[in-house]
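final_8.tsv (TSV, C-alpha atoms) appears below.
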```
chain	number	residue	atom	x	y	z
A	242	MET	CA	16.29	8.94	-52.69
A	243	THR	CA	12.78	7.96	-51.57
A	244	PRO	CA	10.38	10.90	-51.22
A	245	ARG	CA	7.40	11.31	-48.93
A	246	PHE	CA	3.98	12.14	-50.41
A	247	LEU	CA	1.93	14.46	-48.21
A	248	PRO	CA	-1.65	15.58	-49.01
A	249	VAL	CA	-2.19	19.34	-48.97
A	250	GLY	CA	-5.89	20.13	-48.66
A	251	ASP	CA	-8.11	18.45	-51.24
A	252	CYS	CA	-6.31	19.70	-54.34
A	253	ALA	CA	-2.57	19.28	-53.92
A	254	LEU	CA	0.19	16.86	-53.02
A	255	MET	CA	3.57	17.72	-51.50
A	256	VAL	CA	6.50	15.57	-52.60
A	257	GLU	CA	9.25	15.88	-49.97
A	258	PHE	CA	12.72	14.59	-50.88
A	259	ALA	CA	14.56	15.65	-47.70
A	260	ALA	CA	13.94	17.27	-44.32
A	261	ALA	CA	16.79	19.80	-44.69
A	262	LEU	CA	18.60	21.62	-47.47
A	263	ASP	CA	20.35	19.11	-49.68
A	264	PRO	CA	21.75	19.56	-53.23
A	265	ALA	CA	20.77	16.04	-54.28
A	266	ALA	CA	17.21	16.58	-53.05
A	267	HIS	CA	16.98	19.86	-54.95
A	268	ALA	CA	18.20	18.15	-58.12
A	269	ALA	CA	15.52	15.50	-57.63
A	270	VAL	CA	12.87	18.21	-57.22
A	271	LEU	CA	13.90	19.85	-60.50
A	272	ALA	CA	14.02	16.52	-62.33
A	273	LEU	CA	10.51	15.55	-61.21
A	274	ASP	CA	9.18	19.01	-62.02
A	275	ARG	CA	10.56	18.79	-65.58
A	276	ALA	CA	9.26	15.25	-66.02
A	277	LEU	CA	5.81	16.36	-64.87
A	278	THR	CA	5.89	19.24	-67.36
A	279	VAL	CA	6.61	16.79	-70.18
A	280	ALA	CA	4.14	14.14	-68.98
A	281	PRO	CA	1.35	15.66	-66.83
A	282	PHE	CA	-1.56	13.64	-65.49
A	283	ALA	CA	-5.23	14.36	-66.13
A	284	GLY	CA	-6.32	17.16	-63.82
A	285	PHE	CA	-2.82	18.50	-63.18
A	286	THR	CA	-2.91	22.31	-62.80
A	287	GLU	CA	0.42	23.54	-61.40
A	288	SER	CA	3.70	22.53	-59.81
A	289	VAL	CA	5.76	24.69	-57.46
A	290	PRO	CA	9.37	23.59	-56.89
A	291	ALA	CA	11.18	24.61	-53.70
A	292	PHE	CA	14.50	23.60	-52.15
A	293	VAL	CA	13.59	20.02	-51.19
A	294	THR	CA	9.87	19.79	-52.02
A	295	LEU	CA	7.59	19.91	-55.04
A	296	LEU	CA	4.00	21.05	-54.56
A	297	VAL	CA	1.76	19.43	-57.19
A	298	ALA	CA	-1.69	20.96	-57.55
A	299	PHE	CA	-4.64	19.34	-59.32
A	300	ASP	CA	-8.34	19.73	-60.04
A	301	PRO	CA	-10.14	17.63	-57.37
A	302	LEU	CA	-13.09	17.21	-59.73
A	303	ARG	CA	-10.87	15.35	-62.20
A	304	THR	CA	-8.46	13.40	-59.99
A	305	ASP	CA	-7.44	12.77	-56.39
A	306	HIS	CA	-4.37	12.29	-54.19
A	307	THR	CA	-4.08	8.57	-54.91
A	308	GLU	CA	-4.08	8.96	-58.69
A	309	ALA	CA	-1.70	11.92	-58.55
A	310	GLU	CA	0.72	10.00	-56.32
A	311	SER	CA	0.57	6.97	-58.59
A	312	HIS	CA	1.49	9.10	-61.60
A	313	LEU	CA	4.33	10.81	-59.76
A	314	ARG	CA	5.74	7.49	-58.56
A	315	ALA	CA	5.68	6.23	-62.13
A	316	LEU	CA	7.63	9.31	-63.27
A	317	LEU	CA	10.18	8.75	-60.52
A	318	SER	CA	10.70	5.12	-61.47
A	319	ALA	CA	10.88	5.78	-65.22
A	320	GLU	CA	14.18	6.05	-67.02
A	321	THR	CA	15.74	9.49	-66.79
A	322	GLU	CA	15.01	11.58	-69.86
A	323	THR	CA	17.28	14.20	-71.33
A	324	PHE	CA	15.87	17.67	-70.79
A	325	PRO	CA	17.03	20.92	-72.36
A	326	ALA	CA	19.93	22.54	-70.51
A	327	PRO	CA	18.95	25.37	-68.14
A	328	GLN	CA	19.27	28.85	-69.59
A	329	THR	CA	22.04	31.14	-68.41
A	330	HIS	CA	21.13	34.80	-67.93
A	331	ASP	CA	23.72	37.59	-67.83
A	332	ILE	CA	22.33	40.23	-65.48
A	333	PRO	CA	23.71	43.77	-65.32
A	334	ILE	CA	24.43	45.21	-61.89
A	335	THR	CA	25.86	48.37	-60.39
A	336	TYR	CA	27.35	48.39	-56.89
A	337	GLU	CA	28.08	52.09	-56.59
A	338	GLY	CA	25.79	53.80	-54.12
A	339	ALA	CA	24.31	50.58	-52.71
A	340	PRO	CA	23.06	51.43	-49.18
A	341	ASP	CA	24.58	48.41	-47.43
A	342	LEU	CA	27.79	47.90	-49.40
A	343	ALA	CA	29.96	49.62	-46.78
A	344	GLU	CA	28.38	47.66	-43.92
A	345	ALA	CA	28.74	44.39	-45.84
A	346	SER	CA	32.38	45.30	-46.37
A	347	ALA	CA	32.90	45.88	-42.66
A	348	ARG	CA	31.14	42.69	-41.64
A	349	THR	CA	32.94	40.44	-44.13
A	350	GLY	CA	36.37	42.05	-43.80
A	351	LEU	CA	36.48	42.60	-47.56
A	352	SER	CA	36.88	45.95	-49.27
A	353	PRO	CA	33.78	47.23	-51.11
A	354	ALA	CA	35.52	46.42	-54.40
A	355	ALA	CA	36.26	42.89	-53.16
A	356	VAL	CA	32.64	42.41	-52.10
A	357	ALA	CA	31.55	43.36	-55.62
A	358	ALA	CA	34.19	41.16	-57.26
A	359	THR	CA	33.33	38.20	-55.04
A	360	HIS	CA	29.63	38.62	-55.74
A	361	GLN	CA	30.29	38.51	-59.50
A	362	SER	CA	32.75	35.61	-59.31
A	363	VAL	CA	30.21	32.77	-59.33
A	364	THR	CA	27.28	31.46	-61.33
A	365	TYR	CA	24.06	31.32	-59.32
A	366	GLU	CA	21.17	28.89	-59.66
A	367	VAL	CA	17.50	29.85	-59.44
A	368	ALA	CA	16.56	27.59	-56.54
A	369	MET	CA	12.91	28.60	-56.09
A	370	TYR	CA	10.40	31.45	-56.12
A	371	GLY	CA	8.79	32.74	-52.95
A	372	PHE	CA	7.68	35.60	-50.69
A	373	ALA	CA	6.59	37.97	-53.48
A	374	PRO	CA	5.97	37.82	-57.26
A	375	GLY	CA	9.22	37.27	-59.14
A	376	TYR	CA	11.34	36.88	-56.01
A	377	ALA	CA	13.81	34.29	-57.32
A	378	TYR	CA	16.03	32.86	-54.60
A	379	LEU	CA	19.49	32.47	-56.11
A	380	SER	CA	21.70	29.86	-54.46
A	381	GLY	CA	25.48	29.78	-54.70
A	382	LEU	CA	26.44	32.99	-52.88
A	383	PRO	CA	30.15	32.70	-51.96
A	384	VAL	CA	30.71	31.77	-48.32
A	385	ALA	CA	32.76	34.95	-47.83
A	386	LEU	CA	29.54	36.95	-48.32
A	387	HIS	CA	27.28	34.95	-46.04
A	388	LEU	CA	25.65	37.42	-43.64
A	389	ASP	CA	22.85	36.98	-41.15
A	390	ARG	CA	19.73	39.02	-41.80
A	391	LYS	CA	19.46	42.45	-40.23
A	392	PRO	CA	17.87	42.60	-36.76
A	393	ALA	CA	14.98	44.64	-38.21
A	394	PRO	CA	13.74	45.06	-41.78
A	395	VAL	CA	14.13	48.30	-43.71
A	396	ARG	CA	11.03	49.77	-45.33
A	397	ASN	CA	10.58	50.95	-48.92
A	398	VAL	CA	13.44	49.02	-50.49
A	399	PRO	CA	13.05	49.77	-54.21
A	400	ALA	CA	12.56	47.23	-56.98
A	401	GLY	CA	15.77	46.19	-58.66
A	402	SER	CA	17.74	46.02	-55.43
A	403	VAL	CA	20.26	43.16	-55.36
A	404	ILE	CA	20.17	41.80	-51.84
A	405	ILE	CA	21.96	39.02	-49.95
A	406	ALA	CA	21.43	37.07	-46.73
A	407	GLY	CA	22.59	33.68	-45.55
A	408	GLY	CA	23.70	31.81	-48.65
A	409	MET	CA	21.17	33.46	-50.96
A	410	CYS	CA	21.00	36.38	-53.37
A	411	LEU	CA	17.84	37.97	-54.78
A	412	ILE	CA	16.77	40.78	-57.12
A	413	THR	CA	13.69	42.55	-55.77
A	414	THR	CA	10.76	43.16	-58.11
A	415	LEU	CA	8.57	45.35	-55.89
A	416	THR	CA	9.08	48.14	-53.39
A	417	MET	CA	8.89	46.25	-50.12
A	418	PRO	CA	10.55	45.95	-46.70
A	419	THR	CA	13.47	43.57	-46.31
A	420	GLY	CA	16.02	42.56	-43.72
A	421	TRP	CA	18.52	41.49	-46.36
A	422	TRP	CA	21.64	43.50	-47.23
A	423	ARG	CA	21.46	45.77	-50.31
A	424	ILE	CA	24.77	45.54	-52.13
A	425	GLY	CA	23.77	46.54	-55.65
A	426	HIS	CA	21.07	47.45	-58.13
A	427	SER	CA	20.01	45.86	-61.42
A	428	PRO	CA	17.81	47.25	-64.21
A	429	ALA	CA	16.89	43.72	-65.31
A	430	ARG	CA	13.15	43.29	-65.74
A	431	ILE	CA	12.23	40.08	-63.90
A	432	LEU	CA	8.44	40.42	-64.22
A	433	THR	CA	7.31	39.94	-67.82
A	434	ASP	CA	4.04	40.63	-69.65
A	435	ASP	CA	3.76	37.01	-70.81
A	436	PRO	CA	1.06	35.15	-68.82
A	437	ASP	CA	2.59	31.79	-69.81
A	438	HIS	CA	6.06	32.83	-68.62
A	439	PRO	CA	5.49	35.61	-66.05
A	440	PHE	CA	9.08	35.61	-64.76
A	441	LEU	CA	12.34	36.08	-66.65
A	442	PHE	CA	13.93	33.06	-64.98
A	443	ALA	CA	12.83	29.45	-64.69
A	444	VAL	CA	13.70	27.43	-61.61
A	445	GLY	CA	17.00	25.72	-62.37
A	446	ASP	CA	18.28	28.51	-64.63
A	447	ARG	CA	21.74	29.97	-64.08
A	448	ILE	CA	22.46	33.64	-63.31
A	449	ARG	CA	25.68	35.59	-63.80
A	450	PHE	CA	26.09	39.20	-62.70
A	451	HIS	CA	28.28	41.69	-64.56
A	452	VAL	CA	28.97	45.41	-64.43
A	453	PRO	CA	28.22	46.90	-67.87
A	454	GLN	CA	31.19	48.45	-69.64
A	455	VAL	CA	30.93	52.20	-70.02
A	456	THR	CA	31.58	53.33	-73.60
A	457	PRO	CA	33.86	56.39	-73.61
```
As structure tokens, the full file:
Amino acid sequence: MTPRFLPVGDCALMVEFAAALDPAAHAAVLALDRALTVAPFAGFTESVPAFVTLLVAFDPLRTDHTEAESHLRALLSAETETFPAPQTHDIPITYEGAPDLAEASARTGLSPAAVAATHQSVTYEVAMYGFAPGYAYLSGLPVALHLDRKPAPVRNVPAGSVIIAGGMCLITTLTMPTGWWRIGHSPARILTDDPDHPFLFAVGDRIRFHVPQVTP
């Protein structure tokens, strides 16, 4: 897979592995991101992985697009290193009282209990962060739960809402409007107080949802 290198302003480079969503391209993005973390170049400041692209930012007073691209090409051509396995996070969720569970049931043809069971039946992958702080886009939503976004967003959706749209799932971290479907709620704290690791998840981590057992 041969990527394209696209300059972004005077202080960043976009590495594009595909023009559309592609699992192999996303795997390549994650591999390059990890390799860059292990072996950064002089002036490197930040990398932002997405579905098929990696944004690589740098200090323009210390390096430039040509040197950054040269380093990235060298990482891509180097032998693949073994990186630590992604972490798996078990995330508690409750479905009872979710505002859109009944509508999701009607639209998918599944009972509310089946919607909940289907949602919990898979392991998700943190594909990227975007839109708002801590908004981790989780890929792997079962096809049976794929729903188009609502025609209009709903205001004041509280933090901790578990929402779905298309093939994605997400746990909100702020009170914000959204056009996604609210099928559950999680008390998991995604935003941390650690400036070096501000989010609970890293891109590439795995997520499993479970309903906590109630102790009698």
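Considering only C-alpha atoms, the residue among A:Ala260, A:His267, A:Cys252, A:Ala385 positioned nearest to Leu351 in chain A is A:Ala385.
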Measuring atom to atom with only C-alpha atoms, identify which of A:Leu313, A:His438, A:Thr419, A:Gly401 is nearest to Thr335 in chain A.
-> A:Gly401
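With distances taken over all atoms listed in the file, A:Leu295 is the one residue among A:Ala253, A:Leu247, A:Met417, A:Leu295 lying closest to Ala269 in chain A.
Minimum atom-to-atom distance to Ala373 in chain A, evaluated using all atoms listed in the file, belongs to A:Ile412 out of A:Ile412, A:Pro394, A:His360, A:Arg348.
Reported to one decimal place, the separation of CA of Ala443 in chain A from CA of Lys391 in chain A is 28.5 Å.
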Could you give me, as a CSV table (one decimal) with C-alpha atoms, in the frame of the given file, the residues within 9 Å of His426 in chain A, counting only C-alpha atoms and dropping anything in the same chain fewer than 3 positions from it?
```csv
chain,number,residue,atom,x,y,z
A,333,PRO,CA,23.7,43.8,-65.3
A,334,ILE,CA,24.4,45.2,-61.9
A,335,THR,CA,25.9,48.4,-60.4
A,336,TYR,CA,27.4,48.4,-56.9
A,337,GLU,CA,28.1,52.1,-56.6
A,338,GLY,CA,25.8,53.8,-54.1
A,339,ALA,CA,24.3,50.6,-52.7
A,400,ALA,CA,12.6,47.2,-57.0
A,401,GLY,CA,15.8,46.2,-58.7
A,402,SER,CA,17.7,46.0,-55.4
A,403,VAL,CA,20.3,43.2,-55.4
A,404,ILE,CA,20.2,41.8,-51.8
A,412,ILE,CA,16.8,40.8,-57.1
A,423,ARG,CA,21.5,45.8,-50.3
```
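Put simply, CA of Val444 in chain A is 5.8 Å away from CA of Ala368 in chain A.
Using all atoms listed in the file for every distance, the candidate list A:Val398, A:Leu432, A:His306, A:Leu342 yields A:Leu342 as the residue closest to Ala355 in chain A.
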Non-local contacts of Thr349 in chain A (9 Å; only C-alpha atoms; under 6 positions in same chain excluded) as number ranges by chain = A: 356, 385-388
To one decimal in Å, tell me the separation between CA of Ser318 in chain A and CA of Val256 in chain A.
-> 14.3 Å
Pick out the residues sitting within 9 Å of Val270 in chain A, and hand them over as a PDB file with C-alpha atoms, in the frame of the given file; count all atoms listed in the file, and ignore anything fewer than 6 positions along from it in its own chain.
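Writing done, so here's selection-v9.pdb:
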```
ATOM      1  CA  VAL A 256       6.500  15.570 -52.600  1.00  0.00           C
ATOM      2  CA  GLU A 257       9.250  15.880 -49.970  1.00  0.00           C
ATOM      3  CA  PHE A 258      12.720  14.590 -50.880  1.00  0.00           C
ATOM      4  CA  PRO A 290       9.370  23.590 -56.890  1.00  0.00           C
ATOM      5  CA  ALA A 291      11.180  24.610 -53.700  1.00  0.00           C
ATOM      6  CA  PHE A 292      14.500  23.600 -52.150  1.00  0.00           C
ATOM      7  CA  VAL A 293      13.590  20.020 -51.190  1.00  0.00           C
ATOM      8  CA  THR A 294       9.870  19.790 -52.020  1.00  0.00           C
ATOM      9  CA  LEU A 295       7.590  19.910 -55.040  1.00  0.00           C
TER      10      LEU A 295
END
```
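Remark: residues at most 6 Å from position (0.0, 21.1, -54.6) in file coordinates are Ala253, Leu254, Met255, Leu296, Val297 and Ala298 of chain A, using only C-alpha atoms.
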With a distance cut-off of 9 Å and all atoms listed in the file, select the neighbouring residues of Gly420 in chain A, excluding the residue or stretch itself and same-chain residues fewer than 2 positions from it, and output the selection as a ChimeraX atom specification.
-> /A:390-396,406,418,422
6 Å per side around range 287-294 of chain A: axis-aligned box centre and edge lengths, as lines of an AutoDock Vina configuration file:
```
center_x = 7.5
center_y = 22.2
center_z = -56.3
size_x = 26.1
size_y = 16.9
size_z = 22.2
```
Name the residues within 7 Å of (25.6, 37.4, -65.8), counting all atoms listed in the file in the file's coordinates, and put them as a PyMOL selection string.
-> chain A and resi 330-333+448-451
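In this comparison, which uses all atoms listed in the file, the residue of A:Trp421, A:Ala343, A:Ser427, A:Leu382 approaching Met409 in chain A most closely is A:Leu382.
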With the input short on atoms, add N, CA and C atoms back to range 440-454 of chain A and write it as a PDB file, in the coordinates of the input.
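The resulting file, rebuild.pdb, is shown below:
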```pdb
ATOM      1  N   PHE A 440       7.800  35.214 -65.334  1.00  0.00           N
ATOM      2  CA  PHE A 440       9.080  35.610 -64.760  1.00  0.00           C
ATOM      3  C   PHE A 440      10.201  35.367 -65.779  1.00  0.00           C
ATOM      4  N   LEU A 441      11.224  36.196 -65.721  1.00  0.00           N
ATOM      5  CA  LEU A 441      12.340  36.080 -66.650  1.00  0.00           C
ATOM      6  C   LEU A 441      13.071  34.757 -66.494  1.00  0.00           C
ATOM      7  N   PHE A 442      13.172  34.271 -65.266  1.00  0.00           N
ATOM      8  CA  PHE A 442      13.930  33.060 -64.980  1.00  0.00           C
ATOM      9  C   PHE A 442      12.995  31.873 -64.763  1.00  0.00           C
ATOM     10  N   ALA A 443      13.481  30.689 -65.096  1.00  0.00           N
ATOM     11  CA  ALA A 443      12.830  29.450 -64.690  1.00  0.00           C
ATOM     12  C   ALA A 443      13.639  28.843 -63.556  1.00  0.00           C
ATOM     13  N   VAL A 444      12.973  28.112 -62.676  1.00  0.00           N
ATOM     14  CA  VAL A 444      13.700  27.430 -61.610  1.00  0.00           C
ATOM     15  C   VAL A 444      14.694  26.465 -62.248  1.00  0.00           C
ATOM     16  N   GLY A 445      15.935  26.524 -61.797  1.00  0.00           N
ATOM     17  CA  GLY A 445      17.000  25.720 -62.370  1.00  0.00           C
ATOM     18  C   GLY A 445      17.894  26.494 -63.321  1.00  0.00           C
ATOM     19  N   ASP A 446      17.442  27.677 -63.769  1.00  0.00           N
ATOM     20  CA  ASP A 446      18.280  28.510 -64.630  1.00  0.00           C
ATOM     21  C   ASP A 446      19.507  29.002 -63.888  1.00  0.00           C
ATOM     22  N   ARG A 447      20.510  29.446 -64.647  1.00  0.00           N
ATOM     23  CA  ARG A 447      21.740  29.970 -64.080  1.00  0.00           C
ATOM     24  C   ARG A 447      21.786  31.487 -64.274  1.00  0.00           C
ATOM     25  N   ILE A 448      22.385  32.175 -63.306  1.00  0.00           N
ATOM     26  CA  ILE A 448      22.460  33.640 -63.310  1.00  0.00           C
ATOM     27  C   ILE A 448      23.905  34.072 -63.110  1.00  0.00           C
ATOM     28  N   ARG A 449      24.360  34.985 -63.963  1.00  0.00           N
ATOM     29  CA  ARG A 449      25.680  35.590 -63.800  1.00  0.00           C
ATOM     30  C   ARG A 449      25.504  37.105 -63.777  1.00  0.00           C
ATOM     31  N   PHE A 450      26.143  37.747 -62.813  1.00  0.00           N
ATOM     32  CA  PHE A 450      26.090  39.200 -62.700  1.00  0.00           C
ATOM     33  C   PHE A 450      27.328  39.820 -63.356  1.00  0.00           C
ATOM     34  N   HIS A 451      27.137  40.973 -63.985  1.00  0.00           N
ATOM     35  CA  HIS A 451      28.280  41.690 -64.560  1.00  0.00           C
ATOM     36  C   HIS A 451      27.998  43.179 -64.519  1.00  0.00           C
ATOM     37  N   VAL A 452      29.073  43.951 -64.380  1.00  0.00           N
ATOM     38  CA  VAL A 452      28.970  45.410 -64.430  1.00  0.00           C
ATOM     39  C   VAL A 452      29.118  45.830 -65.879  1.00  0.00           C
ATOM     40  N   PRO A 453      28.130  46.505 -66.465  1.00  0.00           N
ATOM     41  CA  PRO A 453      28.220  46.900 -67.870  1.00  0.00           C
ATOM     42  C   PRO A 453      29.428  47.807 -68.123  1.00  0.00           C
ATOM     43  N   GLN A 454      30.064  47.600 -69.259  1.00  0.00           N
ATOM     44  CA  GLN A 454      31.190  48.450 -69.640  1.00  0.00           C
ATOM     45  C   GLN A 454      30.680  49.799 -70.111  1.00  0.00           C
TER      46      GLN A 454
END
```
